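Shown here: target_24.pdb, PDB, C-alpha atoms, pLDDT in the B column.
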```pdb
ATOM      1  CA  MET A 175      -6.525  13.601 -16.677  1.00 73.00           C
ATOM      2  CA  PRO A 176      -4.170  10.580 -16.924  1.00 84.00           C
ATOM      3  CA  THR A 177      -1.534  12.901 -18.406  1.00 90.00           C
ATOM      4  CA  LEU A 178      -1.718  15.196 -15.385  1.00 91.00           C
ATOM      5  CA  ARG A 179      -1.367  12.214 -13.057  1.00 91.00           C
ATOM      6  CA  ILE A 180       1.744  11.031 -14.931  1.00 93.00           C
ATOM      7  CA  ILE A 181       3.277  14.506 -14.810  1.00 94.00           C
ATOM      8  CA  VAL A 182       2.616  14.915 -11.076  1.00 94.00           C
ATOM      9  CA  SER A 183       4.015  11.431 -10.386  1.00 92.00           C
ATOM     10  CA  ALA A 184       7.144  12.196 -12.420  1.00 94.00           C
ATOM     11  CA  VAL A 185       7.700  15.488 -10.578  1.00 95.00           C
ATOM     12  CA  ILE A 186       7.281  13.795  -7.182  1.00 93.00           C
ATOM     13  CA  LEU A 187       9.665  10.995  -8.221  1.00 91.00           C
ATOM     14  CA  CYS A 188      12.296  13.476  -9.423  1.00 94.00           C
ATOM     15  CA  ALA A 189      11.976  15.541  -6.233  1.00 94.00           C
ATOM     16  CA  THR A 190      12.340  12.400  -4.111  1.00 89.00           C
ATOM     17  CA  ILE A 191      15.458  11.327  -6.006  1.00 89.00           C
ATOM     18  CA  ALA A 192      16.946  14.826  -5.683  1.00 91.00           C
ATOM     19  CA  VAL A 193      16.286  14.969  -1.926  1.00 89.00           C
ATOM     20  CA  GLY A 194      17.790  11.490  -1.529  1.00 85.00           C
ATOM     21  CA  ALA A 195      20.880  12.497  -3.491  1.00 87.00           C
ATOM     22  CA  PHE A 196      21.387  15.669  -1.440  1.00 89.00           C
ATOM     23  CA  PHE A 197      20.866  13.676   1.736  1.00 86.00           C
ATOM     24  CA  ALA A 198      23.478  11.138   0.629  1.00 85.00           C
ATOM     25  CA  LEU A 199      25.964  13.887  -0.224  1.00 87.00           C
ATOM     26  CA  GLN A 200      25.576  15.513   3.205  1.00 88.00           C
ATOM     27  CA  ASN A 201      25.847  12.277   5.258  1.00 84.00           C
ATOM     28  CA  THR A 202      29.053  10.608   4.172  1.00 85.00           C
ATOM     29  CA  THR A 203      30.178   9.381   7.599  1.00 89.00           C
ATOM     30  CA  GLN A 204      31.163   5.705   7.441  1.00 92.00           C
ATOM     31  CA  VAL A 205      29.191   3.601   9.928  1.00 90.00           C
ATOM     32  CA  PRO A 206      29.332  -0.177  10.534  1.00 90.00           C
ATOM     33  CA  LEU A 207      26.015  -1.892  11.105  1.00 89.00           C
ATOM     34  CA  ASP A 208      25.786  -4.596  13.765  1.00 88.00           C
ATOM     35  CA  LEU A 209      22.595  -6.696  13.556  1.00 86.00           C
ATOM     36  CA  LEU A 210      23.375  -8.927  16.577  1.00 88.00           C
ATOM     37  CA  VAL A 211      23.855 -12.007  14.394  1.00 90.00           C
ATOM     38  CA  VAL A 212      25.792 -10.474  11.528  1.00 90.00           C
ATOM     39  CA  GLN A 213      28.010  -7.430  11.281  1.00 92.00           C
ATOM     40  CA  LEU A 214      27.845  -5.573   7.988  1.00 89.00           C
ATOM     41  CA  ALA A 215      30.705  -3.586   6.473  1.00 90.00           C
ATOM     42  CA  GLU A 216      31.111   0.133   6.938  1.00 92.00           C
ATOM     43  CA  ARG A 217      28.972   2.144   4.565  1.00 91.00           C
ATOM     44  CA  SER A 218      27.825   5.740   4.556  1.00 90.00           C
ATOM     45  CA  LEU A 219      25.218   6.759   7.094  1.00 89.00           C
ATOM     46  CA  ALA A 220      22.977   7.988   4.276  1.00 89.00           C
ATOM     47  CA  LEU A 221      23.039   4.581   2.607  1.00 88.00           C
ATOM     48  CA  TRP A 222      21.976   2.765   5.782  1.00 90.00           C
ATOM     49  CA  LEU A 223      19.193   5.290   6.449  1.00 88.00           C
ATOM     50  CA  LEU A 224      17.908   5.238   2.865  1.00 87.00           C
ATOM     51  CA  LEU A 225      17.933   1.428   2.809  1.00 90.00           C
ATOM     52  CA  THR A 226      16.018   1.399   6.095  1.00 91.00           C
ATOM     53  CA  LEU A 227      13.498   3.861   4.664  1.00 90.00           C
ATOM     54  CA  LEU A 228      13.129   1.730   1.526  1.00 91.00           C
ATOM     55  CA  LEU A 229      12.591  -1.402   3.628  1.00 95.00           C
ATOM     56  CA  GLY A 230       9.931   0.382   5.687  1.00 95.00           C
ATOM     57  CA  VAL A 231       8.143   1.600   2.561  1.00 93.00           C
ATOM     58  CA  LEU A 232       8.168  -1.885   1.037  1.00 96.00           C
ATOM     59  CA  LEU A 233       6.820  -3.456   4.226  1.00 97.00           C
ATOM     60  CA  GLY A 234       4.111  -0.789   4.368  1.00 96.00           C
ATOM     61  CA  VAL A 235       3.096  -1.439   0.762  1.00 96.00           C
ATOM     62  CA  ILE A 236       2.945  -5.182   1.388  1.00 97.00           C
ATOM     63  CA  ALA A 237       0.886  -4.721   4.558  1.00 97.00           C
ATOM     64  CA  SER A 238      -1.561  -2.377   2.838  1.00 97.00           C
ATOM     65  CA  ALA A 239      -1.843  -4.731  -0.142  1.00 97.00           C
ATOM     66  CA  VAL A 240      -2.791  -7.576   2.201  1.00 97.00           C
ATOM     67  CA  VAL A 241      -5.462  -5.422   3.845  1.00 97.00           C
ATOM     68  CA  ALA A 242      -6.768  -4.248   0.458  1.00 97.00           C
ATOM     69  CA  LEU A 243      -6.998  -7.819  -0.850  1.00 96.00           C
ATOM     70  CA  ARG A 244      -8.828  -8.939   2.277  1.00 97.00           C
ATOM     71  CA  GLN A 245     -11.308  -6.076   1.939  1.00 97.00           C
ATOM     72  CA  ARG A 246     -11.800  -6.828  -1.748  1.00 97.00           C
ATOM     73  CA  GLY A 247     -12.634 -10.427  -0.868  1.00 96.00           C
ATOM     74  CA  GLN A 248     -15.141  -9.283   1.743  1.00 97.00           C
ATOM     75  CA  LEU A 249     -16.677  -6.924  -0.809  1.00 97.00           C
ATOM     76  CA  VAL A 250     -17.159  -9.773  -3.271  1.00 97.00           C
ATOM     77  CA  VAL A 251     -18.846 -11.894  -0.597  1.00 97.00           C
ATOM     78  CA  LEU A 252     -21.139  -9.033   0.438  1.00 97.00           C
ATOM     79  CA  ARG A 253     -22.071  -8.273  -3.188  1.00 97.00           C
ATOM     80  CA  ARG A 254     -23.031 -11.907  -3.740  1.00 97.00           C
ATOM     81  CA  LYS A 255     -25.110 -11.888  -0.562  1.00 97.00           C
ATOM     82  CA  ASN A 256     -26.769  -8.634  -1.620  1.00 97.00           C
ATOM     83  CA  GLN A 257     -27.590 -10.094  -5.020  1.00 96.00           C
ATOM     84  CA  ARG A 258     -29.075 -13.238  -3.444  1.00 96.00           C
ATOM     85  CA  LEU A 259     -31.183 -11.158  -1.066  1.00 95.00           C
ATOM     86  CA  GLY A 260     -32.364  -8.977  -3.953  1.00 94.00           C
ATOM     87  CA  VAL A 261     -33.470 -12.081  -5.858  1.00 94.00           C
ATOM     88  CA  GLU A 262     -35.277 -13.351  -2.752  1.00 91.00           C
ATOM     89  CA  ILE A 263     -37.057 -10.010  -2.278  1.00 89.00           C
ATOM     90  CA  GLU A 264     -38.214 -10.038  -5.905  1.00 89.00           C
ATOM     91  CA  ARG A 265     -39.443 -13.614  -5.511  1.00 90.00           C
ATOM     92  CA  LEU A 266     -41.371 -12.697  -2.373  1.00 85.00           C
ATOM     93  CA  ARG A 267     -42.917  -9.677  -4.109  1.00 86.00           C
ATOM     94  CA  LYS A 268     -44.134 -11.882  -6.924  1.00 85.00           C
ATOM     95  CA  VAL A 269     -45.743 -14.242  -4.428  1.00 83.00           C
ATOM     96  CA  GLY A 270     -47.558 -11.287  -2.863  1.00 74.00           C
ATOM     97  CA  PHE A 271     -45.861 -11.310   0.519  1.00 61.00           C
ATOM     98  CA  THR A 272     -45.896  -7.921   2.206  1.00 58.00           C
ATOM     99  CA  GLU A 273     -44.222  -6.587   5.347  1.00 60.00           C
ATOM    100  CA  SER A 274     -47.486  -6.439   7.295  1.00 59.00           C
ATOM    101  CA  GLU A 275     -48.119 -10.179   7.083  1.00 54.00           C
TER
END
```
I need this file expressed as structure tokens, please.
Amino acid sequence: MPTLRIIVSAVILCATIAVGAFFALQNTTQVPLDLLVVQLAERSLALWLLLTLLLGVLLGVIASAVVALRQRGQLVVLRRKNQRLGVEIERLRKVGFTESE
């Protein structure tokens, strides 16, 4: 199964690189980029768009990593609480406490 995952990932990576290369070959118009504070040199339109896409992907990965880490922390806290409550239930069962009392 890990081999299949590696093969599928490699195929997707190669397809992405090929699409990016074809996109860059078709969009060769030179465009300056003005960011209000700084003006960047003229580069191809494809380069600016691919860099913007890359920046968006990186920001998305960072944002999802933050959310995943926060959820993992909450999961740890809830597991500890669940374990403590399980110990308390077992202790109460040993004492003979029932729900009807």
Excluding same-chain residues fewer than 3 positions from region 218-235 of chain A, what lies within 7 Å of it counting all atoms listed in the file, as number ranges by chain? A: 197-198, 201-205, 238-239
CA of Leu209 (chain A) to CA of Ile236 (chain A), straight-line distance in Å: 23.2 Å
A straight line from CA of Gln257 (chain A) to CA of Ala242 (chain A) spans 22.3 Å
Separation of CA of Leu207 (chain A) from CA of Thr190 (chain A) in Å: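 CA of Thr190 (chain A) sits 25.0 Å away from CA of Leu207 (chain A).
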Residue completion, region 189-215 of chain A, N, CA and C atoms, as a compact mmCIF listing (two decimals), in the coordinates of the input:
```txt
# COMPACT_ATOMS: atom_id res chain seq x y z
N ALA A 189 11.70 14.82 -7.48
CA ALA A 189 11.98 15.54 -6.23
C ALA A 189 12.49 14.58 -5.16
N THR A 190 11.90 13.40 -5.09
CA THR A 190 12.34 12.40 -4.11
C THR A 190 13.77 11.96 -4.38
N ILE A 191 14.09 11.73 -5.64
CA ILE A 191 15.46 11.33 -6.01
C ILE A 191 16.44 12.45 -5.69
N ALA A 192 16.06 13.69 -5.96
CA ALA A 192 16.95 14.83 -5.68
C ALA A 192 17.19 14.97 -4.18
N VAL A 193 16.13 14.87 -3.38
CA VAL A 193 16.29 14.97 -1.93
C VAL A 193 17.16 13.83 -1.41
N GLY A 194 16.96 12.63 -1.92
CA GLY A 194 17.79 11.49 -1.53
C GLY A 194 19.25 11.70 -1.89
N ALA A 195 19.50 12.25 -3.07
CA ALA A 195 20.88 12.50 -3.49
C ALA A 195 21.54 13.56 -2.61
N PHE A 196 20.83 14.64 -2.33
CA PHE A 196 21.39 15.67 -1.44
C PHE A 196 21.62 15.12 -0.04
N PHE A 197 20.71 14.30 0.43
CA PHE A 197 20.87 13.68 1.74
C PHE A 197 22.11 12.79 1.76
N ALA A 198 22.31 12.03 0.70
CA ALA A 198 23.48 11.14 0.63
C ALA A 198 24.77 11.93 0.55
N LEU A 199 24.76 13.07 -0.13
CA LEU A 199 25.96 13.89 -0.22
C LEU A 199 26.31 14.55 1.11
N GLN A 200 25.33 14.84 1.93
CA GLN A 200 25.58 15.51 3.20
C GLN A 200 25.95 14.54 4.33
N ASN A 201 25.61 13.27 4.20
CA ASN A 201 25.85 12.28 5.26
C ASN A 201 26.80 11.19 4.76
N THR A 202 28.05 11.54 4.72
CA THR A 202 29.05 10.61 4.17
C THR A 202 29.83 9.87 5.26
N THR A 203 29.48 10.05 6.50
CA THR A 203 30.18 9.38 7.60
C THR A 203 30.04 7.87 7.45
N GLN A 204 31.17 7.16 7.56
CA GLN A 204 31.16 5.70 7.44
C GLN A 204 30.74 5.09 8.77
N VAL A 205 29.74 4.20 8.71
CA VAL A 205 29.19 3.60 9.93
C VAL A 205 29.04 2.09 9.71
N PRO A 206 29.58 1.26 10.63
CA PRO A 206 29.33 -0.18 10.53
C PRO A 206 27.95 -0.48 11.10
N LEU A 207 27.35 -1.53 10.62
CA LEU A 207 26.02 -1.89 11.10
C LEU A 207 26.09 -3.27 11.74
N ASP A 208 25.75 -3.34 13.02
CA ASP A 208 25.79 -4.60 13.76
C ASP A 208 24.35 -5.05 14.01
N LEU A 209 23.96 -6.18 13.43
CA LEU A 209 22.60 -6.70 13.56
C LEU A 209 22.52 -7.90 14.51
N LEU A 210 23.29 -7.88 15.56
CA LEU A 210 23.38 -8.93 16.58
C LEU A 210 23.95 -10.22 16.03
N VAL A 211 23.40 -10.74 14.94
CA VAL A 211 23.86 -12.01 14.39
C VAL A 211 24.95 -11.80 13.36
N VAL A 212 24.84 -10.75 12.60
CA VAL A 212 25.79 -10.47 11.53
C VAL A 212 26.23 -9.02 11.62
N GLN A 213 27.50 -8.79 11.29
CA GLN A 213 28.01 -7.43 11.28
C GLN A 213 28.32 -7.07 9.84
N LEU A 214 27.68 -6.00 9.37
CA LEU A 214 27.84 -5.57 7.99
C LEU A 214 28.99 -4.57 7.89
N ALA A 215 29.56 -4.46 6.70
CA ALA A 215 30.70 -3.59 6.47
C ALA A 215 30.32 -2.12 6.65
```
